[in-house]
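Peer 1: Below you'll find the structure I mean.
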Amino acid sequence: MQDNRLLPISQSERQLDRPLHEFTLGQSATLIEQAHLREYWAIIYKRRWLILSIALIATSLVAIYMYRQPDVYEASVTINIEPRRSVLQTKGDVQVLTAPNDPNYWSTQLKLLENPQLARQVALTLDLPNNPAFLSGQAGSSITGAVRRLFAARDKQEGDRGKLQVVTDSQVDAENLTPEQLERLAPYEEAIRAGITVEPVEKTNLVNIRFQHTNAEMAAKVANTIADVFIYNNLERETQGAQRASVLLAKQIAELQLKIRQGEEARINYLRSHNLPLGQAKGQNLTLERLATLSGQLLAAENERKNLQSAYEAAQRETDIWSVPEVQSEQRIQKLRERIGELEEKRAALLVQYTPEWPEVKKIDEQIKRLKQDLDKAPYEVIKAMRSRYEAALARENKLKQSYYQEAAAANEQNQAEIELSRITQELETNRQFYNTLFQRQKELEITSNDRASNIKVETPAHVPQEPVGPKRLRNILIALLVALGAGIGLAFLLDYLDDSLKSAEDVDRYLHLPTLALIPAPRAERQRLLRAKEDVPEEQKEKTALALISDVRSPITEAYRHLRTQLLLSQAGQPPRTLLLTSSQPSEGKTTTAVNMAVMLAQMGAEVLLIDCDLRRPRIHTHFNLANVRGVANYLAGERDTESLIQTHAPLPNLKIMTSGPVPPSPAELLGSDEMRRLVAEMSARFAHVIIDSPPVVSFTDAAILSTMVDGVVLIVHGGRSSRAVVRRAKRLLQDVGAHIIGVVLNNVKLDAHDYQYYASYYAAYYDEEKENGEVPEGAAEKGAR
């Protein structure tokens with residue numbers, strides 16, 4: 001209702017502002033999946049040039065890099081690592097046996113092949129520091145050099161495996177080389193270690209040693225040298241190890257013999273100095289038994305003393321001496337009480353017949369008196385006896401404690417002597433066992449040292465390779481292409497995720513929950529074509545940009561505005577809205593252009609249309625129609641009531657009237673919110689069939705919110721691909737908060753080259769081309785001719 005337009009809508013009404021697809025139940029999963037696939041494809045197609053550029057650049061860089069790399073040749077040598085031999089000695093019989101496969105020995109040999117020390121030996125054996133071709137061939141080269149290598153003739157002769165003067169392992173130790181020599185050898189060691197590959201053959205004793213280098217001859221030479229140096233090191237390790245072990249064993253055996261003799265003498269001297277028997281020592285058991293006996297007696301004495309002490313101290317603390325348990329349990333006290341009781345009973349019996357003065361009664365009283373005196377003294381005597389027992393127990397405890405400490409000190413001394421004796425005896429036995437082991441090992445070495453052969457040999461020497469094995473240029477380029485495509489697609493999805501603009505009718509429905517009235521194509525190319533076509537027309541006769549967009553009746557832009565006209569005429573039941581307000585969320589979204597073209601489209605139908613420029617801050621309508629902006633809306637709001645003088649006519653369309661903004665006032669919001677503005681809208685609505693009002697942006701100014709309460713409907717203009725969803729939602733909320741009736745959204749400047757709208761442009765192109773061939777004239781062209 002007109003009176004309720006300024007009232008804010010309720011929360012329940014806002015909940016009804018939801019897209020239709022949210023109320024649809026039972027939607028097919030297949031259709032949803034197809035829609036998602038189409039959206040994904042649209043994102044990829046939209047960013048296709050970015051994806052292709054990334055793929056092209058990355059692939060080109062990888063291709064350039066790969067073709068700058070030199071060809072790599074691989075030489076392979078196969079060696080046989082047999083199980084090592086072991087010596088078995090049983091009861092004087094020595095047998096040389098082949099040991100079974102030892103995983104630790106096999107793993108050790110494989111690790112020794114990758115030892116940096118081995119690489120250093122190979123570098124010095126081949127004198128690689130004085131061979132500049134070794135490292136220079138590993139560096140990158142130009143593309144032309146790579147092409148030359150493809151067609152260059154290769155030397156197919158095998159490398160010379162003449163005798164090498166192998167540098168021993170001890171000669172390449174860090175102790176025998178200067179820091180300068182080690183620094184000079186470092187790059188050669190790294191190059192050899194980087195190019196070598198050790199590959200054991202499964203279920204065999206064979207090991208393939210592969211080495212890669214840009215020089216085929218150098219690859220074969222290094223591979224063979226690695227095998228030769230490894231075999232030499234193994235043989236040297238076996239022989240030199242046996243010789244060093246034999247000398248070391250002889251030295252250790254002599255030292256052990258001396259230690260054994262010294263140990264026996266030290267043991268005998270220790271027994272004598274500590275008065276210990278030379279045989280089995282028995283004093284230690286006797287001392288322990290005596291110490292255990294004293295310990296038991298001491299514990300018993302401590303318990304007895306504690307009991308007596310606690311009883312005595314409890315009796316001392318007791319205020320009533322007769323409540324002490326020891327006093328109550330004393331037999332003498334109990335007998336005195338019984339005797340007193342008997343006398344009292346006898347006295348009571350005599351008092352039945354006689355008086356207290358009776359001699360017999362007095363005699364009994366005297367006896368009772370003496371017994372009570374004895375009874376009163378008895379508790380103190382019991383306490384005194386308890387103290388005597390406590391003191392006697394304490395003295396006995398102290399005496400036992402003194403005896404225990406003396407015996408413990410003697411036992412400790414004897415134990416220390418026994419421990420030291422055990423240590424001397426144990427050390428002597430250990431030396432004897434070690435002596436027996438070394439003596440047996442010496443015999444084994446004497447048997448096996450005379451017949452020692454290497455268990456490693458070369459089965460297949462390396463030959464000069466004829467074809468390169470790398471680099472895998474085509475594979476790496478394809479991988480780079482796939483990775484670049486994946487990165488480009490990922491970047492495209494990331495950019496789409498970060499883009500929060502409204503780009504399609506689906507976005508408008510999803511985020512604004514408003515209907516899309518029309519999709520206006522982007523006019524850039526169209527505008528340039530139209531302006532170039534009018535270069536020969538005089539300046540004063542040229543149409544402005546907004547009108548030039550629909551000058552071609554067959555253009556997609558013109559048809560889009562026709563579609564907008566139809567949507568507005570059918571937006572309400574009964575009759576179309578008479579007063580319409582066009583606004584946007586932010587500046588430069590095309591609301592003025594849309595207002596101009598929509599007014600023209602409505603006027604082309606023959607209806608009386610008034611276009612009012614209420615953008616009193618930045619008026620633009622007069623520039624599109626080449627009209628003067630001397631008098632207009634501002635004059636009416638200032639008090640001038642002659643509307644005929646304020647309304648101007650567009651000559652090509654007589655039924656299209658324009659009311660410009662007039663002079664820019666200092667306070668546009670106060671003027672637009674006045675009763676005069678409401679009166680102007682009501683008066684123009686009664687006079688014209690349609691009143692189109694152009695206003696400032698909603699978010700920036702309050703003018704549009706004020707005007708929205710005076711019109712039948714509001715059309716929100718959104719710049720496709722640029723307007724932020726959050727800003728447009730804020731504009732929608734500002735209009736709804738004042739009770740405005742938003743008819744829908746016009747998505748302006750939509751790019752027809754986007755995947756979502758390709759069918760839009762292709763449809764019109766194909767349709768009008770077919771009409772041209774058939775000689776048909778479109779309806780819009782007839783209208784233009786009529787004008």
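Order determines the names: the first chain of the structure tokens is A, the second B, and so forth; residues in each chain are numbered 1 upward, and ligands are numbered 1 upward as they are shown.
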Pick out each residue of segment 258-378 of chain A that DSSP on the backbone tags as helix (DSSP H, G or I); I need them as a PyMOL selection string.
Peer 2: chain A and resi 258-273+283-317+321-323+325-328+331-350+359-378
Peer 1: Please write the residues from the selection above to a file, keeping C-alpha atoms, as a tab-separated table (two decimals), in the first residue's frame.
Peer 2:
chain	number	residue	atom	x	y	z
A	258	LEU	CA	102.81	-61.23	31.21
A	259	LYS	CA	99.51	-60.06	32.69
A	260	ILE	CA	98.58	-63.62	33.72
A	261	ARG	CA	101.85	-64.13	35.57
A	262	GLN	CA	101.55	-60.78	37.31
A	263	GLY	CA	97.95	-61.50	38.24
A	264	GLU	CA	98.75	-64.83	39.88
A	265	GLU	CA	101.49	-63.23	41.99
A	266	ALA	CA	99.22	-60.35	42.99
A	267	ARG	CA	96.46	-62.77	44.10
A	268	ILE	CA	98.79	-64.78	46.35
A	269	ASN	CA	100.27	-61.64	47.90
A	270	TYR	CA	96.80	-60.24	48.61
A	271	LEU	CA	95.66	-63.45	50.38
A	272	ARG	CA	98.69	-63.34	52.61
A	273	SER	CA	98.45	-59.64	53.45
A	283	GLY	CA	85.63	-66.77	57.37
A	284	GLN	CA	83.18	-64.79	55.30
A	285	ASN	CA	80.29	-67.19	56.05
A	286	LEU	CA	81.01	-67.21	59.81
A	287	THR	CA	81.10	-63.44	59.96
A	288	LEU	CA	77.82	-63.17	58.09
A	289	GLU	CA	76.15	-65.68	60.42
A	290	ARG	CA	77.33	-63.80	63.53
A	291	LEU	CA	76.21	-60.52	62.04
A	292	ALA	CA	72.80	-62.00	61.20
A	293	THR	CA	72.42	-63.33	64.78
A	294	LEU	CA	73.29	-59.97	66.30
A	295	SER	CA	70.94	-58.27	63.87
A	296	GLY	CA	68.05	-60.49	65.00
A	297	GLN	CA	68.83	-59.95	68.69
A	298	LEU	CA	69.13	-56.21	68.13
A	299	LEU	CA	65.75	-56.06	66.38
A	300	ALA	CA	64.14	-58.06	69.23
A	301	ALA	CA	65.73	-55.78	71.85
A	302	GLU	CA	64.55	-52.69	69.95
A	303	ASN	CA	60.99	-54.02	69.79
A	304	GLU	CA	61.03	-54.88	73.53
A	305	ARG	CA	62.43	-51.48	74.44
A	306	LYS	CA	59.88	-49.68	72.29
A	307	ASN	CA	56.99	-51.62	73.86
A	308	LEU	CA	58.19	-50.95	77.40
A	309	GLN	CA	58.90	-47.30	76.59
A	310	SER	CA	55.48	-46.74	75.08
A	311	ALA	CA	53.73	-48.44	78.05
A	312	TYR	CA	55.74	-46.45	80.59
A	313	GLU	CA	55.20	-43.13	78.77
A	314	ALA	CA	51.46	-43.85	78.48
A	315	ALA	CA	51.26	-44.56	82.20
A	316	GLN	CA	53.11	-41.31	82.95
A	317	ARG	CA	50.64	-39.30	80.85
A	321	ILE	CA	46.61	-44.04	87.68
A	322	TRP	CA	44.03	-46.75	88.20
A	323	SER	CA	43.16	-46.68	84.45
A	325	PRO	CA	46.36	-51.30	81.90
A	326	GLU	CA	49.43	-52.61	83.74
A	327	VAL	CA	48.00	-51.42	87.07
A	328	GLN	CA	44.67	-53.03	86.37
A	331	GLN	CA	47.86	-59.66	90.41
A	332	ARG	CA	48.83	-58.16	93.78
A	333	ILE	CA	46.40	-55.31	93.29
A	334	GLN	CA	43.68	-57.73	92.28
A	335	LYS	CA	44.34	-59.86	95.41
A	336	LEU	CA	44.22	-56.76	97.66
A	337	ARG	CA	40.91	-55.77	96.12
A	338	GLU	CA	39.53	-59.25	96.66
A	339	ARG	CA	40.70	-59.28	100.32
A	340	ILE	CA	39.14	-55.88	100.96
A	341	GLY	CA	35.94	-57.07	99.41
A	342	GLU	CA	35.81	-60.13	101.63
A	343	LEU	CA	36.41	-58.05	104.76
A	344	GLU	CA	33.76	-55.56	103.78
A	345	GLU	CA	31.27	-58.37	103.30
A	346	LYS	CA	32.20	-59.82	106.73
A	347	ARG	CA	31.85	-56.38	108.32
A	348	ALA	CA	28.49	-55.89	106.73
A	349	ALA	CA	27.36	-59.24	108.16
A	350	LEU	CA	28.50	-58.27	111.69
A	359	PRO	CA	35.53	-55.18	118.85
A	360	GLU	CA	35.26	-57.62	116.00
A	361	VAL	CA	33.98	-54.90	113.72
A	362	LYS	CA	36.78	-52.56	114.72
A	363	LYS	CA	39.29	-55.26	114.08
A	364	ILE	CA	37.91	-55.74	110.60
A	365	ASP	CA	38.00	-51.96	110.03
A	366	GLU	CA	41.65	-51.89	110.99
A	367	GLN	CA	42.45	-54.66	108.52
A	368	ILE	CA	40.54	-52.90	105.75
A	369	LYS	CA	42.45	-49.68	106.48
A	370	ARG	CA	45.83	-51.37	106.21
A	371	LEU	CA	44.82	-53.15	103.00
A	372	LYS	CA	43.66	-49.90	101.43
A	373	GLN	CA	46.92	-48.23	102.31
A	374	ASP	CA	48.76	-51.08	100.61
A	375	LEU	CA	46.39	-50.79	97.65
A	376	ASP	CA	47.10	-47.07	97.29
A	377	LYS	CA	50.85	-47.69	97.17
A	378	ALA	CA	50.63	-50.62	94.72
Peer 1: Could you build a table of the residues in segment 463-528 of chain A lying no more than 10 Å from segment 208-217 of chain A, giving for each the nearest pair of atoms and their separation in Å rounded to one decimal place, using only C-alpha atoms, ordered by chain and ascending residue number, as a Markdown table?
Peer 2:
| residue | atom | partner | partner_atom | distance |
| --- | --- | --- | --- | --- |
| A:His463 | CA | A:Glu217 | CA | 8.3 |
| A:Val464 | CA | A:Glu217 | CA | 5.5 |
| A:Pro465 | CA | A:Ala216 | CA | 5.7 |
| A:Gln466 | CA | A:Ala216 | CA | 7.4 |
| A:Glu467 | CA | A:Ala216 | CA | 8.8 |
| A:Pro468 | CA | A:Ala216 | CA | 8.4 |
| A:Val469 | CA | A:Gln212 | CA | 8.6 |
| A:Gly470 | CA | A:Gln212 | CA | 9.2 |
Peer 1: Please report, as number ranges by chain, each residue of segment 435-671 of chain A to which DSSP assigns strand (DSSP E or B) when run on this structure's backbone.
Peer 2: A: 456-460, 470, 501, 516-521, 579-584, 609-613, 648-650, 653-659
Peer 1: How far is it from atom CA of Glu559 of chain A to atom CA of Asn597 of chain A, in Å with one decimal?
Peer 2: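 Distance between the two atoms: 11.3 Å.
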Peer 1: Taking into account only C-alpha atoms, which residue in the set A:Thr643, A:Gln604, A:Ser708, A:Asn398 is nearest to Thr583 of chain A?
Peer 2: A:Ser708
Peer 1: Which of these, A:Ile226, A:Thr425, A:Val77, A:Thr623, has the shortest distance to Leu124 of chain A once you count only C-alpha atoms?
Peer 2: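 With only C-alpha atoms as the atom set, the closest residue is A:Ile226.
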Peer 1: Excluding same-chain residues fewer than 5 positions from Pro461 of chain A, what lies within 9 Å of it counting only C-alpha atoms, as a list in words?
Peer 2: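 After dropping sequence-adjacent residues, the list is Ser76, Val77, Thr78, Ile79, Ala220, Ala223, Asn224 and Ala227 of chain A.
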